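Shown next, in structure tokens, is the structure this report addresses.
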Amino acid sequence: MHPTRTKQERRELQERQRAAKAAKTAANGVNGKPQGGKPASQPAAAGGAPSRKAGRVSDAASKLPPAGLAKAVEKAKAGQSSAADQSAKNQARGLLIFSHFGLPKPVSSAKGDIHPVIARTALQFSAFKITGANARCIATLTAFKTVIQDYVTPPNNTLSRHLMTYLSPQISHLVAARPMSVTMGNAIRQLKLDISGSDIDLPEQDAKDALCRKIDTYIRERIIIADQVIQETAGNKIKDGDVILTYARSSVVEKVLLEAHASGRNFSVIVVDSRPMLEGKRLLAVLSDAGIHCTYVLLPALGSVISEVSTVLVGAHSIHTNGAVYSRAGTALVAMMAKRHSVPVVVCCETYKFSETVQLDSFTKNELAPLGDLFSSFPNTKPRESLTLENKPNLEILNPLYDLTPPTCITAVVTEVGVIPPNSISSIPVALGRLL
């Protein structure tokens, strides 16, 4: 573009801007809103560049108070509305890519009519006082038994319909404490089916007793008896002189090892553990008290002991249609290392942990473990507070609670319906008559 033409356009633009500002100032003066006592004709005053700049600056200053006040009010309102979320944002700063993970958080005030036993159970979930898929499911169903017994059907309602509405906020309160596990989801789904199928002609107390009996039956058949069958099946795979490696703490694996030891088999156990939960310490204490020879190592030392292992026994949080096992973070590393050294990996898992979804990684869905080291005890000469890692201005702590073990790294899955190869996991609903 020609330089002379550019200057001309620039000059015309400046004149239009000055005219617009003069018109605005004049309008404000007519409305009785003089801006800082400045005459309306000042921005349009003729003269050199200094006078034009002064006019522009004074006009901009004159327009600041109303707009600035409105913006300040809006910012104040926004600040008040987001004050409650500021702590969560501070926790996730620098880790926004993991912001969709279930963050551990204190249970907020109950919304709706929450039963006291549900509030107590939610607090135990939130503080990780109750951990493990089986323990959380049993605690949830036991709490629902109390809720059902204390429930009273309102007039002009039926138990089979209104009880479902009454349980919804109870379930939401538990999910607010910690994301719902697959086991809890399957159990609650079965409970809703039982409620909807209850006989409307039954007296209320009889109907509530029948529902509690069905909950007891579910716990007994799907968890307790299932564990007993897995104990016998997996225990028969352990021979004298074997070295069994397990990771973290699985209640099913613990029962399998204790049952095999009680049967007179002579074997040793390597317990692999990792921070921050250090759940293997509890398993180590139980096995040592039972007289089983144990070795305790942390996850980084896995490579130095894997060559001595005969079989790897691990538990599962859930198992998916494609054969992938969702379990405590670190299980995938153990399984991959075992496969690299041609060591069989056996997963002990009840069928009620089966999920009909397909999960390909542990990034799309996961949960964050507590920041602090819950069971830190070494060295004993230092106070506990100095051993706990917490977020700092230049330090972000990320503790994913679960990982996904691909089916290619799993040798077999031991369930109460038999030993199933990972590529046949989708047949579990058929084996159960499609009753999950």
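Identifiers for the structure tokens are assigned positionally: chains receive A, B, ... in sequence, residues are indexed from 1 per chain, and ligands are indexed from 1 in the order shown.
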Leaving out Ser160 of chain A and any residue of its chain fewer than 5 positions from it, which residues lie within 12 Å of it when counting only C-alpha atoms, given as a CSV table (one decimal) with all heavy atoms, in the first residue's frame?
chain,number,residue,atom,x,y,z
A,148,ILE,N,-32.7,-50.0,55.3
A,148,ILE,CA,-34.0,-50.7,55.0
A,148,ILE,C,-34.8,-51.0,56.2
A,148,ILE,O,-36.1,-50.8,56.2
A,148,ILE,CB,-33.8,-51.9,54.1
A,148,ILE,CG1,-33.2,-51.6,52.7
A,148,ILE,CG2,-35.0,-52.8,54.0
A,148,ILE,CD1,-32.7,-52.8,51.9
A,151,TYR,N,-36.5,-47.9,57.5
A,151,TYR,CA,-37.3,-47.2,56.5
A,151,TYR,C,-38.8,-47.4,56.9
A,151,TYR,O,-39.2,-48.5,57.2
A,151,TYR,CB,-37.0,-47.7,55.1
A,151,TYR,CG,-38.0,-47.3,54.1
A,151,TYR,CD1,-38.0,-46.0,53.5
A,151,TYR,CD2,-38.9,-48.2,53.6
A,151,TYR,CE1,-38.9,-45.7,52.5
A,151,TYR,CE2,-39.8,-47.9,52.7
A,151,TYR,CZ,-39.8,-46.6,52.1
A,151,TYR,OH,-40.7,-46.2,51.1
A,152,VAL,N,-39.6,-46.3,56.7
A,152,VAL,CA,-41.0,-46.4,56.9
A,152,VAL,C,-41.7,-45.9,55.6
A,152,VAL,O,-41.4,-44.8,55.2
A,152,VAL,CB,-41.5,-45.6,58.1
A,152,VAL,CG1,-43.0,-45.6,58.2
A,152,VAL,CG2,-40.8,-46.1,59.4
A,153,THR,N,-42.5,-46.7,55.0
A,153,THR,CA,-43.2,-46.3,53.8
A,153,THR,C,-44.2,-45.2,54.0
A,153,THR,O,-45.1,-45.3,54.9
A,153,THR,CB,-43.9,-47.5,53.1
A,153,THR,OG1,-43.0,-48.6,53.0
A,153,THR,CG2,-44.5,-47.1,51.8
A,154,PRO,N,-44.1,-44.1,53.3
A,154,PRO,CA,-45.1,-43.0,53.5
A,154,PRO,C,-46.5,-43.4,53.1
A,154,PRO,O,-46.6,-44.4,52.3
A,154,PRO,CB,-44.6,-41.9,52.6
A,154,PRO,CG,-43.2,-42.2,52.3
A,154,PRO,CD,-43.1,-43.7,52.3
A,165,THR,N,-36.5,-44.5,45.6
A,165,THR,CA,-36.3,-43.1,45.7
A,165,THR,C,-35.6,-42.7,46.9
A,165,THR,O,-34.7,-41.8,46.9
A,165,THR,CB,-37.7,-42.4,45.6
A,165,THR,OG1,-38.4,-42.8,44.5
A,165,THR,CG2,-37.5,-40.8,45.6
A,166,TYR,N,-35.9,-43.4,48.0
A,166,TYR,CA,-35.2,-43.1,49.3
A,166,TYR,C,-33.7,-43.5,49.3
A,166,TYR,O,-32.9,-42.8,49.9
A,166,TYR,CB,-36.0,-43.8,50.4
A,166,TYR,CG,-35.4,-43.6,51.8
A,166,TYR,CD1,-35.5,-42.4,52.5
A,166,TYR,CD2,-34.7,-44.6,52.5
A,166,TYR,CE1,-35.0,-42.1,53.7
A,166,TYR,CE2,-34.1,-44.4,53.7
A,166,TYR,CZ,-34.3,-43.2,54.3
A,166,TYR,OH,-33.8,-43.0,55.6
A,167,LEU,N,-33.4,-44.5,48.6
A,167,LEU,CA,-32.0,-45.0,48.6
A,167,LEU,C,-31.1,-44.2,47.6
A,167,LEU,O,-29.9,-44.2,47.8
A,167,LEU,CB,-32.0,-46.5,48.1
A,167,LEU,CG,-32.4,-47.5,49.1
A,167,LEU,CD1,-32.3,-48.9,48.5
A,167,LEU,CD2,-31.6,-47.5,50.4
A,191,LEU,N,-29.6,-55.2,44.2
A,191,LEU,CA,-30.5,-54.8,45.3
A,191,LEU,C,-31.7,-54.1,44.7
A,191,LEU,O,-32.8,-54.3,45.1
A,191,LEU,CB,-29.7,-53.9,46.2
A,191,LEU,CG,-30.6,-53.3,47.4
A,191,LEU,CD1,-31.2,-54.3,48.2
A,191,LEU,CD2,-29.7,-52.3,48.2
A,192,LYS,N,-31.5,-53.2,43.7
A,192,LYS,CA,-32.6,-52.5,43.0
A,192,LYS,C,-33.5,-53.5,42.3
A,192,LYS,O,-34.8,-53.3,42.4
A,192,LYS,CB,-32.1,-51.5,42.0
A,192,LYS,CG,-31.4,-50.3,42.7
A,192,LYS,CD,-31.0,-49.3,41.7
A,192,LYS,CE,-30.4,-48.0,42.3
A,192,LYS,NZ,-30.0,-47.0,41.4
A,193,LEU,N,-33.0,-54.5,41.7
A,193,LEU,CA,-33.8,-55.6,41.1
A,193,LEU,C,-34.7,-56.3,42.2
A,193,LEU,O,-35.8,-56.6,41.9
A,193,LEU,CB,-32.9,-56.6,40.3
A,193,LEU,CG,-32.3,-56.1,39.0
A,193,LEU,CD1,-31.4,-57.2,38.5
A,193,LEU,CD2,-33.4,-55.8,38.0
A,194,ASP,N,-34.0,-56.6,43.3
A,194,ASP,CA,-34.8,-57.3,44.4
A,194,ASP,C,-35.9,-56.4,44.9
A,194,ASP,O,-37.0,-56.8,45.2
A,194,ASP,CB,-33.8,-57.7,45.5
A,194,ASP,CG,-32.9,-58.7,45.1
A,194,ASP,OD1,-33.2,-59.5,44.1
A,194,ASP,OD2,-31.8,-58.8,45.7
A,195,ILE,N,-35.6,-55.1,45.0
A,195,ILE,CA,-36.6,-54.1,45.6
A,195,ILE,C,-37.8,-54.0,44.6
A,195,ILE,O,-39.0,-54.1,45.0
A,195,ILE,CB,-36.0,-52.8,45.8
A,195,ILE,CG1,-35.0,-52.8,47.0
A,195,ILE,CG2,-37.1,-51.7,46.1
A,195,ILE,CD1,-34.2,-51.6,47.2
A,196,SER,N,-37.5,-53.9,43.3
A,196,SER,CA,-38.5,-53.7,42.3
A,196,SER,C,-39.4,-55.0,42.2
A,196,SER,O,-40.5,-54.9,41.8
A,196,SER,CB,-37.9,-53.3,40.9
A,196,SER,OG,-37.1,-54.3,40.5
A,197,GLY,N,-38.8,-56.1,42.5
A,197,GLY,CA,-39.5,-57.4,42.4
A,197,GLY,C,-40.2,-57.8,43.6
A,197,GLY,O,-40.7,-58.9,43.7
A,198,SER,N,-40.1,-57.0,44.7
A,198,SER,CA,-40.8,-57.4,45.9
A,198,SER,C,-42.3,-57.4,45.8
A,198,SER,O,-42.9,-56.6,45.1
A,198,SER,CB,-40.3,-56.5,47.1
A,198,SER,OG,-40.7,-55.2,46.8
A,199,ASP,N,-42.9,-58.3,46.5
A,199,ASP,CA,-44.4,-58.4,46.5
A,199,ASP,C,-45.1,-57.3,47.2
A,199,ASP,O,-44.8,-57.0,48.4
A,199,ASP,CB,-44.8,-59.8,47.1
A,199,ASP,CG,-46.3,-60.1,46.9
A,199,ASP,OD1,-47.0,-59.3,46.3
A,199,ASP,OD2,-46.7,-61.2,47.3
A,200,ILE,N,-45.9,-56.6,46.5
A,200,ILE,CA,-46.6,-55.4,47.1
A,200,ILE,C,-47.7,-55.8,48.1
A,200,ILE,O,-48.1,-55.0,48.9
A,200,ILE,CB,-47.3,-54.5,46.0
A,200,ILE,CG1,-48.3,-55.3,45.2
A,200,ILE,CG2,-46.2,-53.9,45.1
A,200,ILE,CD1,-49.1,-54.4,44.2
A,201,ASP,N,-48.1,-57.1,48.1
A,201,ASP,CA,-49.1,-57.6,49.0
A,201,ASP,C,-48.5,-58.0,50.4
A,201,ASP,O,-49.2,-58.2,51.3
A,201,ASP,CB,-49.9,-58.8,48.4
A,201,ASP,CG,-50.7,-58.3,47.2
A,201,ASP,OD1,-51.1,-57.2,47.1
A,201,ASP,OD2,-50.8,-59.2,46.3
A,202,LEU,N,-47.2,-58.1,50.4
A,202,LEU,CA,-46.5,-58.4,51.7
A,202,LEU,C,-46.6,-57.3,52.7
A,202,LEU,O,-46.6,-56.1,52.3
A,202,LEU,CB,-45.1,-58.8,51.5
A,202,LEU,CG,-44.7,-60.2,51.0
A,202,LEU,CD1,-43.2,-60.3,50.8
A,202,LEU,CD2,-45.1,-61.2,52.1
A,203,PRO,N,-46.8,-57.6,54.0
A,203,PRO,CA,-46.7,-56.6,55.0
A,203,PRO,C,-45.3,-55.9,54.9
A,203,PRO,O,-44.3,-56.5,54.5
A,203,PRO,CB,-46.9,-57.3,56.3
A,203,PRO,CG,-47.6,-58.6,55.9
A,203,PRO,CD,-47.2,-58.9,54.6
A,204,GLU,N,-45.3,-54.6,55.4
A,204,GLU,CA,-44.0,-53.9,55.2
A,204,GLU,C,-42.8,-54.5,55.9
A,204,GLU,O,-41.8,-54.7,55.3
A,204,GLU,CB,-44.2,-52.5,55.7
A,204,GLU,CG,-43.0,-51.6,55.6
A,204,GLU,CD,-43.2,-50.2,56.0
A,204,GLU,OE1,-44.3,-49.7,55.8
A,204,GLU,OE2,-42.3,-49.5,56.5
A,207,ALA,N,-41.6,-57.6,54.0
A,207,ALA,CA,-40.9,-57.2,52.8
A,207,ALA,C,-39.5,-56.7,53.1
A,207,ALA,O,-38.5,-57.1,52.4
A,207,ALA,CB,-41.7,-56.1,52.1
A,208,LYS,N,-39.4,-56.0,54.2
A,208,LYS,CA,-38.0,-55.5,54.6
A,208,LYS,C,-37.1,-56.7,55.1
A,208,LYS,O,-36.0,-56.7,54.7
A,208,LYS,CB,-38.1,-54.4,55.7
A,208,LYS,CG,-38.8,-53.1,55.2
A,208,LYS,CD,-38.6,-52.0,56.2
A,208,LYS,CE,-39.4,-52.2,57.4
A,208,LYS,NZ,-39.3,-51.0,58.3
A,211,LEU,N,-35.9,-58.5,52.0
A,211,LEU,CA,-34.8,-57.8,51.3
A,211,LEU,C,-33.5,-58.0,52.1
A,211,LEU,O,-32.5,-58.2,51.4
A,211,LEU,CB,-35.2,-56.3,51.2
A,211,LEU,CG,-36.2,-55.9,50.2
A,211,LEU,CD1,-36.5,-54.4,50.2
A,211,LEU,CD2,-35.8,-56.3,48.7
Could the residues of segment 310-353 of chain A that have an atom at most 12 Å from segment 275-286 of chain A be listed as a tab-separated table, each with its closest atom pair and the distance in Å to one decimal, counting only C-alpha atoms and ordered by chain and ascending residue number?
residue	atom	partner	partner_atom	distance
A:Val314	CA	A:Gly280	CA	11.8
A:Arg328	CA	A:Met277	CA	9.9
A:Ala329	CA	A:Arg275	CA	9.9
A:Gly330	CA	A:Arg275	CA	10.0
Using only C-alpha atoms, the shortest atom-to-atom distance to Pro421 of chain A among A:Thr331, A:His341, A:Gln228, A:Gly323 belongs to A:Gly323
Could you give me, as a PDB file with N, CA, C and O atoms, in the first residue's frame, each residue of segment 287-369 of chain A that DSSP assigns to strand (DSSP E or B) when run on this structure's backbone?
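That gives us part-v6.pdb:
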ATOM      1  N   HIS A 293       7.099 -68.424  55.830  1.00  0.00           N
ATOM      2  CA  HIS A 293       8.351 -67.716  55.606  1.00  0.00           C
ATOM      3  C   HIS A 293       8.135 -66.634  54.547  1.00  0.00           C
ATOM      4  O   HIS A 293       7.697 -66.923  53.427  1.00  0.00           O
ATOM      5  N   CYS A 294       8.424 -65.382  54.900  1.00  0.00           N
ATOM      6  CA  CYS A 294       8.118 -64.266  54.013  1.00  0.00           C
ATOM      7  C   CYS A 294       9.356 -63.415  53.752  1.00  0.00           C
ATOM      8  O   CYS A 294      10.262 -63.327  54.590  1.00  0.00           O
ATOM      9  N   THR A 295       9.356 -62.774  52.595  1.00  0.00           N
ATOM     10  CA  THR A 295      10.347 -61.776  52.228  1.00  0.00           C
ATOM     11  C   THR A 295       9.597 -60.525  51.797  1.00  0.00           C
ATOM     12  O   THR A 295       8.626 -60.617  51.038  1.00  0.00           O
ATOM     13  N   TYR A 296      10.050 -59.377  52.286  1.00  0.00           N
ATOM     14  CA  TYR A 296       9.359 -58.114  51.991  1.00  0.00           C
ATOM     15  C   TYR A 296      10.282 -57.214  51.190  1.00  0.00           C
ATOM     16  O   TYR A 296      11.392 -56.902  51.635  1.00  0.00           O
ATOM     17  N   VAL A 297       9.826 -56.822  50.001  1.00  0.00           N
ATOM     18  CA  VAL A 297      10.614 -55.915  49.154  1.00  0.00           C
ATOM     19  C   VAL A 297       9.689 -54.838  48.609  1.00  0.00           C
ATOM     20  O   VAL A 297       8.477 -55.034  48.500  1.00  0.00           O
ATOM     21  N   LEU A 298      10.273 -53.714  48.267  1.00  0.00           N
ATOM     22  CA  LEU A 298       9.518 -52.662  47.599  1.00  0.00           C
ATOM     23  C   LEU A 298       9.565 -52.869  46.091  1.00  0.00           C
ATOM     24  O   LEU A 298      10.425 -53.595  45.573  1.00  0.00           O
ATOM     25  N   THR A 311       5.408 -68.702  41.058  1.00  0.00           N
ATOM     26  CA  THR A 311       4.094 -68.249  40.610  1.00  0.00           C
ATOM     27  C   THR A 311       3.815 -66.871  41.201  1.00  0.00           C
ATOM     28  O   THR A 311       4.210 -66.587  42.339  1.00  0.00           O
ATOM     29  N   VAL A 312       3.127 -66.047  40.416  1.00  0.00           N
ATOM     30  CA  VAL A 312       2.668 -64.738  40.897  1.00  0.00           C
ATOM     31  C   VAL A 312       1.172 -64.837  41.152  1.00  0.00           C
ATOM     32  O   VAL A 312       0.400 -65.216  40.258  1.00  0.00           O
ATOM     33  N   LEU A 313       0.752 -64.503  42.374  1.00  0.00           N
ATOM     34  CA  LEU A 313      -0.661 -64.489  42.744  1.00  0.00           C
ATOM     35  C   LEU A 313      -1.047 -63.053  43.079  1.00  0.00           C
ATOM     36  O   LEU A 313      -0.455 -62.444  43.972  1.00  0.00           O
ATOM     37  N   VAL A 314      -2.024 -62.518  42.375  1.00  0.00           N
ATOM     38  CA  VAL A 314      -2.481 -61.152  42.643  1.00  0.00           C
ATOM     39  C   VAL A 314      -4.003 -61.138  42.690  1.00  0.00           C
ATOM     40  O   VAL A 314      -4.672 -62.023  42.161  1.00  0.00           O
ATOM     41  N   SER A 318     -11.379 -55.137  39.662  1.00  0.00           N
ATOM     42  CA  SER A 318     -12.430 -55.543  38.727  1.00  0.00           C
ATOM     43  C   SER A 318     -11.764 -56.197  37.533  1.00  0.00           C
ATOM     44  O   SER A 318     -10.559 -56.050  37.308  1.00  0.00           O
ATOM     45  N   ILE A 319     -12.565 -56.927  36.766  1.00  0.00           N
ATOM     46  CA  ILE A 319     -12.067 -57.589  35.557  1.00  0.00           C
ATOM     47  C   ILE A 319     -13.054 -57.296  34.433  1.00  0.00           C
ATOM     48  O   ILE A 319     -14.274 -57.306  34.642  1.00  0.00           O
ATOM     49  N   HIS A 320     -12.534 -57.011  33.255  1.00  0.00           N
ATOM     50  CA  HIS A 320     -13.361 -56.490  32.170  1.00  0.00           C
ATOM     51  C   HIS A 320     -13.528 -57.516  31.043  1.00  0.00           C
ATOM     52  O   HIS A 320     -12.822 -58.526  30.994  1.00  0.00           O
ATOM     53  N   VAL A 325      -7.322 -56.674  33.662  1.00  0.00           N
ATOM     54  CA  VAL A 325      -7.539 -56.681  35.106  1.00  0.00           C
ATOM     55  C   VAL A 325      -7.218 -55.295  35.651  1.00  0.00           C
ATOM     56  O   VAL A 325      -6.131 -54.760  35.434  1.00  0.00           O
ATOM     57  N   TYR A 326      -8.183 -54.726  36.350  1.00  0.00           N
ATOM     58  CA  TYR A 326      -8.048 -53.405  36.970  1.00  0.00           C
ATOM     59  C   TYR A 326      -7.737 -53.638  38.434  1.00  0.00           C
ATOM     60  O   TYR A 326      -8.554 -54.181  39.180  1.00  0.00           O
ATOM     61  N   SER A 327      -6.531 -53.262  38.855  1.00  0.00           N
ATOM     62  CA  SER A 327      -6.102 -53.590  40.205  1.00  0.00           C
ATOM     63  C   SER A 327      -5.209 -52.485  40.745  1.00  0.00           C
ATOM     64  O   SER A 327      -4.983 -51.467  40.087  1.00  0.00           O
ATOM     65  N   ARG A 328      -4.672 -52.702  41.955  1.00  0.00           N
ATOM     66  CA  ARG A 328      -3.856 -51.688  42.618  1.00  0.00           C
ATOM     67  C   ARG A 328      -2.668 -51.301  41.742  1.00  0.00           C
ATOM     68  O   ARG A 328      -2.053 -52.149  41.090  1.00  0.00           O
ATOM     69  N   VAL A 345       1.322 -65.876  35.849  1.00  0.00           N
ATOM     70  CA  VAL A 345       0.598 -64.863  36.637  1.00  0.00           C
ATOM     71  C   VAL A 345      -0.840 -65.340  36.787  1.00  0.00           C
ATOM     72  O   VAL A 345      -1.558 -65.490  35.793  1.00  0.00           O
ATOM     73  N   VAL A 346      -1.254 -65.579  38.018  1.00  0.00           N
ATOM     74  CA  VAL A 346      -2.596 -66.069  38.321  1.00  0.00           C
ATOM     75  C   VAL A 346      -3.345 -64.984  39.089  1.00  0.00           C
ATOM     76  O   VAL A 346      -2.860 -64.481  40.109  1.00  0.00           O
ATOM     77  N   VAL A 347      -4.516 -64.615  38.584  1.00  0.00           N
ATOM     78  CA  VAL A 347      -5.360 -63.590  39.212  1.00  0.00           C
ATOM     79  C   VAL A 347      -6.499 -64.281  39.943  1.00  0.00           C
ATOM     80  O   VAL A 347      -7.204 -65.112  39.356  1.00  0.00           O
ATOM     81  N   CYS A 348      -6.668 -63.948  41.218  1.00  0.00           N
ATOM     82  CA  CYS A 348      -7.773 -64.486  42.014  1.00  0.00           C
ATOM     83  C   CYS A 348      -8.875 -63.436  42.068  1.00  0.00           C
ATOM     84  O   CYS A 348      -8.675 -62.340  42.611  1.00  0.00           O
ATOM     85  N   PHE A 354     -16.881 -58.770  37.841  1.00  0.00           N
ATOM     86  CA  PHE A 354     -16.862 -58.684  36.384  1.00  0.00           C
ATOM     87  C   PHE A 354     -17.620 -57.445  35.918  1.00  0.00           C
ATOM     88  O   PHE A 354     -18.710 -57.134  36.400  1.00  0.00           O
ATOM     89  N   SER A 355     -17.031 -56.745  34.958  1.00  0.00           N
ATOM     90  CA  SER A 355     -17.673 -55.573  34.359  1.00  0.00           C
ATOM     91  C   SER A 355     -17.812 -55.803  32.865  1.00  0.00           C
ATOM     92  O   SER A 355     -16.858 -56.241  32.206  1.00  0.00           O
ATOM     93  N   GLU A 367      -8.465 -43.207  40.124  1.00  0.00           N
ATOM     94  CA  GLU A 367      -8.717 -42.533  41.389  1.00  0.00           C
ATOM     95  C   GLU A 367      -7.363 -42.199  41.999  1.00  0.00           C
ATOM     96  O   GLU A 367      -6.386 -42.920  41.765  1.00  0.00           O
ATOM     97  N   LEU A 368      -7.311 -41.115  42.771  1.00  0.00           N
ATOM     98  CA  LEU A 368      -6.067 -40.712  43.405  1.00  0.00           C
ATOM     99  C   LEU A 368      -6.042 -41.180  44.850  1.00  0.00           C
ATOM    100  O   LEU A 368      -7.015 -41.015  45.586  1.00  0.00           O
TER     101      LEU A 368
END
Pairwise distance, atom CA of Gly241 of chain A with atom CA of Gly264 of chain A, equals 11.7 Å
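In this model, the gap between atom CA of Val417 of chain A and atom CA of Pro179 of chain A comes to 28.3 Å.
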**Q.** Residue with smallest distance to Pro400 of chain A - pool A:Lys365, A:Lys21, A:Lys255, A:His115, counting only C-alpha atoms
**A.**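 Nearest candidate to Pro400 of chain A out of A:Lys365, A:Lys21, A:Lys255, A:His115: A:Lys365.
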Worksheet item: For the atom pair atom CA of His100 of chain A and atom CA of Ala335 of chain A, what is the interatomic distance in Å to one decimal place?
Response: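 Atom CA of Ala335 of chain A lies at a distance of 26.5 Å from atom CA of His100 of chain A.
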